[in-house]
Amino acid sequence: MLSQGEPIQTQLLAAKCITYIYRSGAVHDLSDKVIYKKVLPCLVRMCDESRDIEERLVGARTLAYLIEDEPKLQRHALICEQLPKKLEAYFRHPAAADTQDSVFLAYAALLSNDEDMRKIVCNDALLQHLVQALDNTCSEVRIASLICLLSLSRSVQILRTTFEDSEVWKAVLKPLSLTDPMALKETITASSLLCNLLLEFSPCKSKLVAANILQSLKRWCECDGSIDLKRNAVWALCSLTFQAELKLKMDVMTMLSHDVMFSLLTSPDYDVVTKTLGILNNVLVNKEHASTVMALFGDTVMQACVVVMETMSPPQ
């Protein structure tokens with residue numbers, strides 16, 4: 001059913017079914033030959049510009065699902081029937097603005113692991129499409145754009161150069177400021193991207209700090225509606241405080257305050273607790289900085305240490 005002689009819909013549905021079976025792990029003896037030689041090429045063919053737009057969208061989305069957790073499959077997909085050129089062609093379709101989520105997800109999956117592949121595929125045109133998509137009226141398109149930007153942000157080179165040139169940080173401010181509960185998925189995805197944008201070597205860091213990103217991080221730290229959002233908030237603060245200047249460390253400590261700090265340290269979530277301790281470690285690791293911080297926040301820091309030791313200690 002996957003051979004090119006079969007009707008297009010038959011090929012597409014067969015590839016889609018096998019993809020879901022493969023990802024579910026339900027059939028352990030599914031041959032790699034079937035995936036690499038049959039399913040993957042079939043899905044790449046479905047992305048061709050000559051196909052109907054619906055077939056192309058389903059093909060791209062299914063391809064993304066097939067390869068997203070498999071670096072070897074991603075490398076194979078890159079050289080399979082000129083996939084990057086097929087993906088670029090999606091943006092030339094008249095309905096591209098409303099259908100970009102599928103192609104963004106395909107890009108995100110393709111570029112999620114390999115640095116060399118990111119260098120080959122990522123270009124200014126793709127970044128422009130991704131940035132413009134953050135103003136799209138469709139939330140699914142915006143979320144897919146953020147997921148793709150997250151994959152690209154794992155590249156130090158792209159983070160240091162292309163992201164700054166494209167002003168990605170400015171485009172991301174809008175989804176970061178969302179407070180509507182209905183937009184929670186978009187906010188969580190944007191906060192994941194923020195963790196990389198705030199890394200010590202990222203040029204976006206200073207611009208986001210100047211844009212008062214600390215207020216968003218505080219709001220997420222206090223959010224009880226999503227543990228993922230809270231995890232991303234403390235992770236972002238870890239990135240922000242690593243080798244930071246004293247003023248920024250003081251601003252973070254002031255923002256966290258006694259109440260927020262202890263709420264995080266008494267969280268039932270292990271990752272939230274350990275990352276909060278990571279923030280304290282980053283703030284205090286410099287001896288000169290530690291003296292100034294302890295002079296103002298010493299009681300809070302010492303109480304935090306006691307709380308964590310009491311919480312983590314096994315019962316007697």
# chains A, B, ... in the order shown; residues from 1 in each chain; ligands from 1
>>> residues_around(residues="A:Val273", least_positions_apart="4", cutoff="12 Å", atoms="only C-alpha atoms", output="VMD selection string")
chain A and resid 221 227 230 to 231 233 to 235 238 261 to 269 277 to 280 304 to 305 307 to 309 311 to 312
>>> write_last_selection(atoms="C-alpha atoms", output="PDB file, in the first residue's frame")
ATOM      1  CA  CYS A 221       6.202  31.198  39.645  1.00  0.00           C
ATOM      2  CA  ILE A 227       3.276  22.830  36.854  1.00  0.00           C
ATOM      3  CA  LYS A 230       6.139  26.958  36.974  1.00  0.00           C
ATOM      4  CA  ARG A 231       9.010  24.630  35.999  1.00  0.00           C
ATOM      5  CA  ALA A 233       9.775  29.900  35.147  1.00  0.00           C
ATOM      6  CA  VAL A 234      12.365  28.610  37.615  1.00  0.00           C
ATOM      7  CA  TRP A 235      14.429  27.140  34.780  1.00  0.00           C
ATOM      8  CA  CYS A 238      18.354  29.707  36.535  1.00  0.00           C
ATOM      9  CA  MET A 261      10.693  31.642  47.363  1.00  0.00           C
ATOM     10  CA  PHE A 262       9.143  29.454  50.057  1.00  0.00           C
ATOM     11  CA  SER A 263       6.217  28.528  47.845  1.00  0.00           C
ATOM     12  CA  LEU A 264       8.693  27.175  45.290  1.00  0.00           C
ATOM     13  CA  LEU A 265      10.876  25.393  47.844  1.00  0.00           C
ATOM     14  CA  THR A 266       7.896  23.603  49.393  1.00  0.00           C
ATOM     15  CA  SER A 267       6.498  22.551  46.028  1.00  0.00           C
ATOM     16  CA  PRO A 268       5.743  18.822  45.707  1.00  0.00           C
ATOM     17  CA  ASP A 269       7.496  18.921  42.338  1.00  0.00           C
ATOM     18  CA  LEU A 277      18.040  25.886  44.732  1.00  0.00           C
ATOM     19  CA  GLY A 278      19.936  26.357  41.481  1.00  0.00           C
ATOM     20  CA  ILE A 279      18.826  29.989  41.419  1.00  0.00           C
ATOM     21  CA  LEU A 280      20.154  30.496  44.958  1.00  0.00           C
ATOM     22  CA  ALA A 304      15.258  28.503  52.720  1.00  0.00           C
ATOM     23  CA  CYS A 305      18.162  26.151  53.469  1.00  0.00           C
ATOM     24  CA  VAL A 307      13.165  24.372  54.929  1.00  0.00           C
ATOM     25  CA  VAL A 308      14.791  22.322  52.171  1.00  0.00           C
ATOM     26  CA  MET A 309      16.829  20.203  54.596  1.00  0.00           C
ATOM     27  CA  THR A 311      11.667  18.688  53.668  1.00  0.00           C
ATOM     28  CA  MET A 312      14.261  16.480  51.990  1.00  0.00           C
TER      29      MET A 312
END
>>> closest_residue(among="A:Glu200, A:Asp69, A:Asp48, A:Asp251", to="A:Leu214", atoms="only C-alpha atoms")
A:Asp251
>>> closest_residue(among="A:Lys37, A:Arg142, A:Lys218, A:Lys86", to="A:Ala60", atoms="only C-alpha atoms")
A:Lys86
>>> atom_distance(atom1="atom CA of A:Lys85", atom2="atom CA of A:Asp116")
17.0 Å
>>> closest_residue(among="A:Asp228, A:Glu167, A:Glu54, A:Asp32", to="A:Ser191", atoms="only C-alpha atoms")
A:Asp228
>>> closest_residue(among="A:Leu229, A:Ile35, A:Leu176, A:Val301", to="A:Ser257", atoms="only C-alpha atoms")
A:Val301
>>> atom_distance(atom1="atom CA of A:Glu222", atom2="atom CA of A:Leu256")
9.6 Å
>>> residues_around(residues="A:Val172", least_positions_apart="2", cutoff="12 Å", atoms="only C-alpha atoms", output="JSON, numbers by chain")
{"A": [130, 131, 132, 133, 134, 135, 142, 143, 145, 146, 147, 149, 150, 163, 166, 167, 168, 169, 170, 174, 175, 176, 177, 178, 186, 187, 189, 190, 191, 192, 193, 194, 197, 204, 207, 208, 211, 213]}
>>> write_last_selection(atoms="N, CA and C atoms", output="short mmCIF file (atom, residue, chain, number, x, y, z; two decimals), in the first residue's frame")
data_model
loop_
_atom_site.label_atom_id
_atom_site.label_comp_id
_atom_site.auth_asym_id
_atom_site.auth_seq_id
_atom_site.Cartn_x
_atom_site.Cartn_y
_atom_site.Cartn_z
N LEU A 130 8.81 32.53 10.61
CA LEU A 130 8.52 32.16 12.00
C LEU A 130 8.14 33.38 12.83
N VAL A 131 8.86 34.47 12.66
CA VAL A 131 8.57 35.69 13.41
C VAL A 131 7.21 36.26 13.01
N GLN A 132 6.95 36.30 11.72
CA GLN A 132 5.66 36.82 11.25
C GLN A 132 4.50 35.96 11.73
N ALA A 133 4.73 34.66 11.86
CA ALA A 133 3.67 33.74 12.28
C ALA A 133 3.22 34.00 13.71
N LEU A 134 4.05 34.64 14.52
CA LEU A 134 3.66 34.92 15.91
C LEU A 134 2.56 35.98 15.99
N ASP A 135 2.26 36.63 14.87
CA ASP A 135 1.14 37.58 14.80
C ASP A 135 -0.07 36.96 14.12
N ARG A 142 0.71 29.91 15.71
CA ARG A 142 1.63 30.58 16.64
C ARG A 142 2.39 29.56 17.49
N ILE A 143 1.68 28.56 17.99
CA ILE A 143 2.32 27.54 18.83
C ILE A 143 3.35 26.75 18.02
N SER A 145 5.00 27.78 15.46
CA SER A 145 6.14 28.67 15.25
C SER A 145 7.05 28.68 16.47
N LEU A 146 6.46 28.75 17.65
CA LEU A 146 7.25 28.75 18.89
C LEU A 146 8.01 27.44 19.07
N ILE A 147 7.37 26.32 18.72
CA ILE A 147 8.02 25.02 18.83
C ILE A 147 9.24 24.96 17.89
N LEU A 149 10.95 27.59 16.75
CA LEU A 149 11.96 28.50 17.31
C LEU A 149 12.70 27.85 18.48
N LEU A 150 11.98 27.05 19.26
CA LEU A 150 12.61 26.33 20.36
C LEU A 150 13.67 25.37 19.84
N PHE A 163 19.03 34.94 15.59
CA PHE A 163 17.93 35.35 16.45
C PHE A 163 17.99 36.84 16.75
N SER A 166 17.03 38.89 13.61
CA SER A 166 15.60 38.80 13.30
C SER A 166 14.72 39.36 14.41
N GLU A 167 15.34 39.81 15.49
CA GLU A 167 14.62 40.35 16.65
C GLU A 167 13.55 39.37 17.15
N VAL A 168 13.96 38.11 17.26
CA VAL A 168 13.05 37.08 17.77
C VAL A 168 12.55 37.44 19.16
N TRP A 169 13.42 38.00 19.98
CA TRP A 169 13.04 38.34 21.36
C TRP A 169 11.84 39.27 21.40
N LYS A 170 11.79 40.22 20.46
CA LYS A 170 10.69 41.19 20.44
C LYS A 170 9.38 40.51 20.05
N LYS A 174 5.00 39.10 22.90
CA LYS A 174 3.53 39.06 22.86
C LYS A 174 2.97 37.78 23.49
N PRO A 175 3.39 36.58 23.03
CA PRO A 175 2.87 35.37 23.69
C PRO A 175 3.31 35.24 25.15
N LEU A 176 4.43 35.86 25.50
CA LEU A 176 4.88 35.80 26.89
C LEU A 176 3.99 36.62 27.82
N SER A 177 3.30 37.61 27.26
CA SER A 177 2.48 38.49 28.08
C SER A 177 1.04 38.02 28.20
N LEU A 178 0.70 36.90 27.56
CA LEU A 178 -0.68 36.41 27.60
C LEU A 178 -1.06 35.97 29.01
N GLU A 186 -0.01 28.01 24.65
CA GLU A 186 0.88 28.93 23.95
C GLU A 186 1.88 29.56 24.91
N THR A 187 1.41 29.93 26.10
CA THR A 187 2.29 30.54 27.10
C THR A 187 3.36 29.55 27.55
N THR A 189 4.58 27.02 25.85
CA THR A 189 5.55 26.85 24.76
C THR A 189 6.49 28.04 24.68
N ALA A 190 5.94 29.25 24.83
CA ALA A 190 6.77 30.46 24.79
C ALA A 190 7.75 30.49 25.96
N SER A 191 7.30 30.03 27.12
CA SER A 191 8.19 30.02 28.29
C SER A 191 9.33 29.02 28.13
N SER A 192 9.08 27.93 27.41
CA SER A 192 10.16 26.97 27.11
C SER A 192 11.24 27.63 26.26
N LEU A 193 10.80 28.37 25.26
CA LEU A 193 11.74 29.10 24.40
C LEU A 193 12.51 30.14 25.20
N LEU A 194 11.82 30.79 26.13
CA LEU A 194 12.45 31.83 26.94
C LEU A 194 13.65 31.30 27.73
N LEU A 197 16.48 31.72 25.47
CA LEU A 197 16.75 33.12 25.13
C LEU A 197 17.44 33.86 26.26
N CYS A 204 19.82 38.12 23.32
CA CYS A 204 18.42 38.44 23.62
C CYS A 204 18.21 38.70 25.12
N LYS A 207 17.97 42.37 26.37
CA LYS A 207 16.79 43.04 25.81
C LYS A 207 15.51 42.58 26.52
N LEU A 208 15.44 41.30 26.84
CA LEU A 208 14.27 40.78 27.55
C LEU A 208 14.22 41.31 28.98
N ALA A 211 12.92 44.66 28.92
CA ALA A 211 11.48 44.65 28.64
C ALA A 211 10.66 44.15 29.83
N ILE A 213 10.93 41.34 31.73
CA ILE A 213 10.52 39.94 31.70
C ILE A 213 10.38 39.35 33.09
#
>>> select_by_dssp(residues="stretch 58-248 of chain A", states="helix (DSSP H, G or I)", output="PyMOL selection string")
chain A and resi 58-67+71-78+83-92+96-110+115-121+124-133+139-152+156-160+162-165+168-176+181-197+204-210+213-221+227-241+246-248
>>> closest_residue(among="A:Val39, A:Met250, A:Val209, A:Ala89", to="A:Leu126", atoms="only C-alpha atoms")
A:Ala89
>>> closest_residue(among="A:Ala125, A:Leu57, A:Leu83, A:Ile21", to="A:Leu40", atoms="only C-alpha atoms")
A:Leu83
>>> residues_around(residues="stretch 102-104 of chain A", least_positions_apart="2", cutoff="7 Å", atoms="only C-alpha atoms", output="list in words")
Leu57, Ala60, Arg61, Leu87, Thr99, Gln100, Ala106, Tyr107, Ala108, Ala144, Ser145 and Cys148 of chain A
>>> residues_around(residues="A:Ile158", least_positions_apart="4", cutoff="12 Å", atoms="only C-alpha atoms", output="JSON, numbers by chain")
{"A": [115, 116, 117, 118, 119, 120, 121, 122, 123, 124, 127, 149, 150, 151, 152, 153, 154, 162, 163, 164, 165, 166, 168, 196, 197, 201, 202, 203, 204]}
>>> write_last_selection(atoms="N, CA and C atoms", output="PDB file, in the first residue's frame")
ATOM      1  N   GLU A 115      23.106  19.913  15.271  1.00  0.00           N
ATOM      2  CA  GLU A 115      23.578  21.281  15.021  1.00  0.00           C
ATOM      3  C   GLU A 115      23.936  21.496  13.556  1.00  0.00           C
ATOM      4  N   ASP A 116      24.588  20.521  12.936  1.00  0.00           N
ATOM      5  CA  ASP A 116      24.971  20.671  11.532  1.00  0.00           C
ATOM      6  C   ASP A 116      23.744  20.792  10.635  1.00  0.00           C
ATOM      7  N   MET A 117      22.686  20.062  10.966  1.00  0.00           N
ATOM      8  CA  MET A 117      21.457  20.143  10.178  1.00  0.00           C
ATOM      9  C   MET A 117      20.815  21.519  10.312  1.00  0.00           C
ATOM     10  N   ARG A 118      20.878  22.087  11.513  1.00  0.00           N
ATOM     11  CA  ARG A 118      20.325  23.439  11.702  1.00  0.00           C
ATOM     12  C   ARG A 118      21.073  24.443  10.829  1.00  0.00           C
ATOM     13  N   LYS A 119      22.395  24.308  10.769  1.00  0.00           N
ATOM     14  CA  LYS A 119      23.201  25.230   9.964  1.00  0.00           C
ATOM     15  C   LYS A 119      22.861  25.110   8.484  1.00  0.00           C
ATOM     16  N   ILE A 120      22.544  23.899   8.047  1.00  0.00           N
ATOM     17  CA  ILE A 120      22.223  23.664   6.639  1.00  0.00           C
ATOM     18  C   ILE A 120      20.854  24.240   6.282  1.00  0.00           C
ATOM     19  N   VAL A 121      19.880  24.047   7.148  1.00  0.00           N
ATOM     20  CA  VAL A 121      18.483  24.351   6.815  1.00  0.00           C
ATOM     21  C   VAL A 121      18.061  25.758   7.213  1.00  0.00           C
ATOM     22  N   CYS A 122      18.517  26.227   8.368  1.00  0.00           N
ATOM     23  CA  CYS A 122      18.054  27.522   8.878  1.00  0.00           C
ATOM     24  C   CYS A 122      18.592  28.671   8.016  1.00  0.00           C
ATOM     25  N   ASN A 123      17.717  29.593   7.659  1.00  0.00           N
ATOM     26  CA  ASN A 123      18.127  30.781   6.904  1.00  0.00           C
ATOM     27  C   ASN A 123      17.245  31.964   7.294  1.00  0.00           C
ATOM     28  N   ASP A 124      17.575  33.129   6.775  1.00  0.00           N
ATOM     29  CA  ASP A 124      16.835  34.338   7.136  1.00  0.00           C
ATOM     30  C   ASP A 124      15.367  34.256   6.728  1.00  0.00           C
ATOM     31  N   LEU A 127      13.431  32.250   9.312  1.00  0.00           N
ATOM     32  CA  LEU A 127      13.256  33.045  10.531  1.00  0.00           C
ATOM     33  C   LEU A 127      12.195  34.111  10.344  1.00  0.00           C
ATOM     34  N   LEU A 149      10.946  27.586  16.754  1.00  0.00           N
ATOM     35  CA  LEU A 149      11.955  28.497  17.310  1.00  0.00           C
ATOM     36  C   LEU A 149      12.696  27.848  18.476  1.00  0.00           C
ATOM     37  N   LEU A 150      11.978  27.046  19.256  1.00  0.00           N
ATOM     38  CA  LEU A 150      12.611  26.330  20.364  1.00  0.00           C
ATOM     39  C   LEU A 150      13.674  25.368  19.845  1.00  0.00           C
ATOM     40  N   SER A 151      13.363  24.634  18.778  1.00  0.00           N
ATOM     41  CA  SER A 151      14.354  23.725  18.183  1.00  0.00           C
ATOM     42  C   SER A 151      15.585  24.493  17.714  1.00  0.00           C
ATOM     43  N   LEU A 152      15.359  25.627  17.070  1.00  0.00           N
ATOM     44  CA  LEU A 152      16.474  26.425  16.556  1.00  0.00           C
ATOM     45  C   LEU A 152      17.284  27.061  17.680  1.00  0.00           C
ATOM     46  N   SER A 153      16.617  27.391  18.792  1.00  0.00           N
ATOM     47  CA  SER A 153      17.306  28.065  19.901  1.00  0.00           C
ATOM     48  C   SER A 153      18.300  27.162  20.617  1.00  0.00           C
ATOM     49  N   ARG A 154      18.293  25.872  20.301  1.00  0.00           N
ATOM     50  CA  ARG A 154      19.271  24.954  20.884  1.00  0.00           C
ATOM     51  C   ARG A 154      20.641  25.108  20.225  1.00  0.00           C
ATOM     52  N   THR A 162      21.536  34.828  14.290  1.00  0.00           N
ATOM     53  CA  THR A 162      20.300  34.957  13.519  1.00  0.00           C
ATOM     54  C   THR A 162      19.132  35.435  14.365  1.00  0.00           C
ATOM     55  N   PHE A 163      19.034  34.941  15.588  1.00  0.00           N
ATOM     56  CA  PHE A 163      17.929  35.347  16.450  1.00  0.00           C
ATOM     57  C   PHE A 163      17.985  36.842  16.754  1.00  0.00           C
ATOM     58  N   GLU A 164      19.188  37.353  16.981  1.00  0.00           N
ATOM     59  CA  GLU A 164      19.312  38.784  17.271  1.00  0.00           C
ATOM     60  C   GLU A 164      18.987  39.608  16.033  1.00  0.00           C
ATOM     61  N   ASP A 165      19.486  39.186  14.877  1.00  0.00           N
ATOM     62  CA  ASP A 165      19.237  39.921  13.638  1.00  0.00           C
ATOM     63  C   ASP A 165      17.749  39.962  13.300  1.00  0.00           C
ATOM     64  N   SER A 166      17.030  38.887  13.606  1.00  0.00           N
ATOM     65  CA  SER A 166      15.601  38.800  13.296  1.00  0.00           C
ATOM     66  C   SER A 166      14.720  39.355  14.410  1.00  0.00           C
ATOM     67  N   VAL A 168      13.962  38.113  17.265  1.00  0.00           N
ATOM     68  CA  VAL A 168      13.055  37.084  17.768  1.00  0.00           C
ATOM     69  C   VAL A 168      12.547  37.442  19.160  1.00  0.00           C
ATOM     70  N   ASN A 196      15.920  29.363  26.844  1.00  0.00           N
ATOM     71  CA  ASN A 196      17.124  29.443  26.017  1.00  0.00           C
ATOM     72  C   ASN A 196      17.482  30.884  25.663  1.00  0.00           C
ATOM     73  N   LEU A 197      16.482  31.718  25.466  1.00  0.00           N
ATOM     74  CA  LEU A 197      16.748  33.118  25.125  1.00  0.00           C
ATOM     75  C   LEU A 197      17.437  33.862  26.265  1.00  0.00           C
ATOM     76  N   PHE A 201      25.006  33.575  27.281  1.00  0.00           N
ATOM     77  CA  PHE A 201      25.655  34.018  26.046  1.00  0.00           C
ATOM     78  C   PHE A 201      24.665  34.538  25.000  1.00  0.00           C
ATOM     79  N   SER A 202      23.375  34.593  25.329  1.00  0.00           N
ATOM     80  CA  SER A 202      22.364  35.029  24.363  1.00  0.00           C
ATOM     81  C   SER A 202      22.241  36.554  24.334  1.00  0.00           C
ATOM     82  N   PRO A 203      22.371  37.174  23.157  1.00  0.00           N
ATOM     83  CA  PRO A 203      22.186  38.625  23.057  1.00  0.00           C
ATOM     84  C   PRO A 203      20.756  39.056  23.387  1.00  0.00           C
ATOM     85  N   CYS A 204      19.819  38.119  23.322  1.00  0.00           N
ATOM     86  CA  CYS A 204      18.419  38.440  23.622  1.00  0.00           C
ATOM     87  C   CYS A 204      18.207  38.698  25.115  1.00  0.00           C
TER      88      CYS A 204
END
>>> atom_distance(atom1="atom CA of A:Gln74", atom2="atom CA of A:Leu110")
5.2 Å
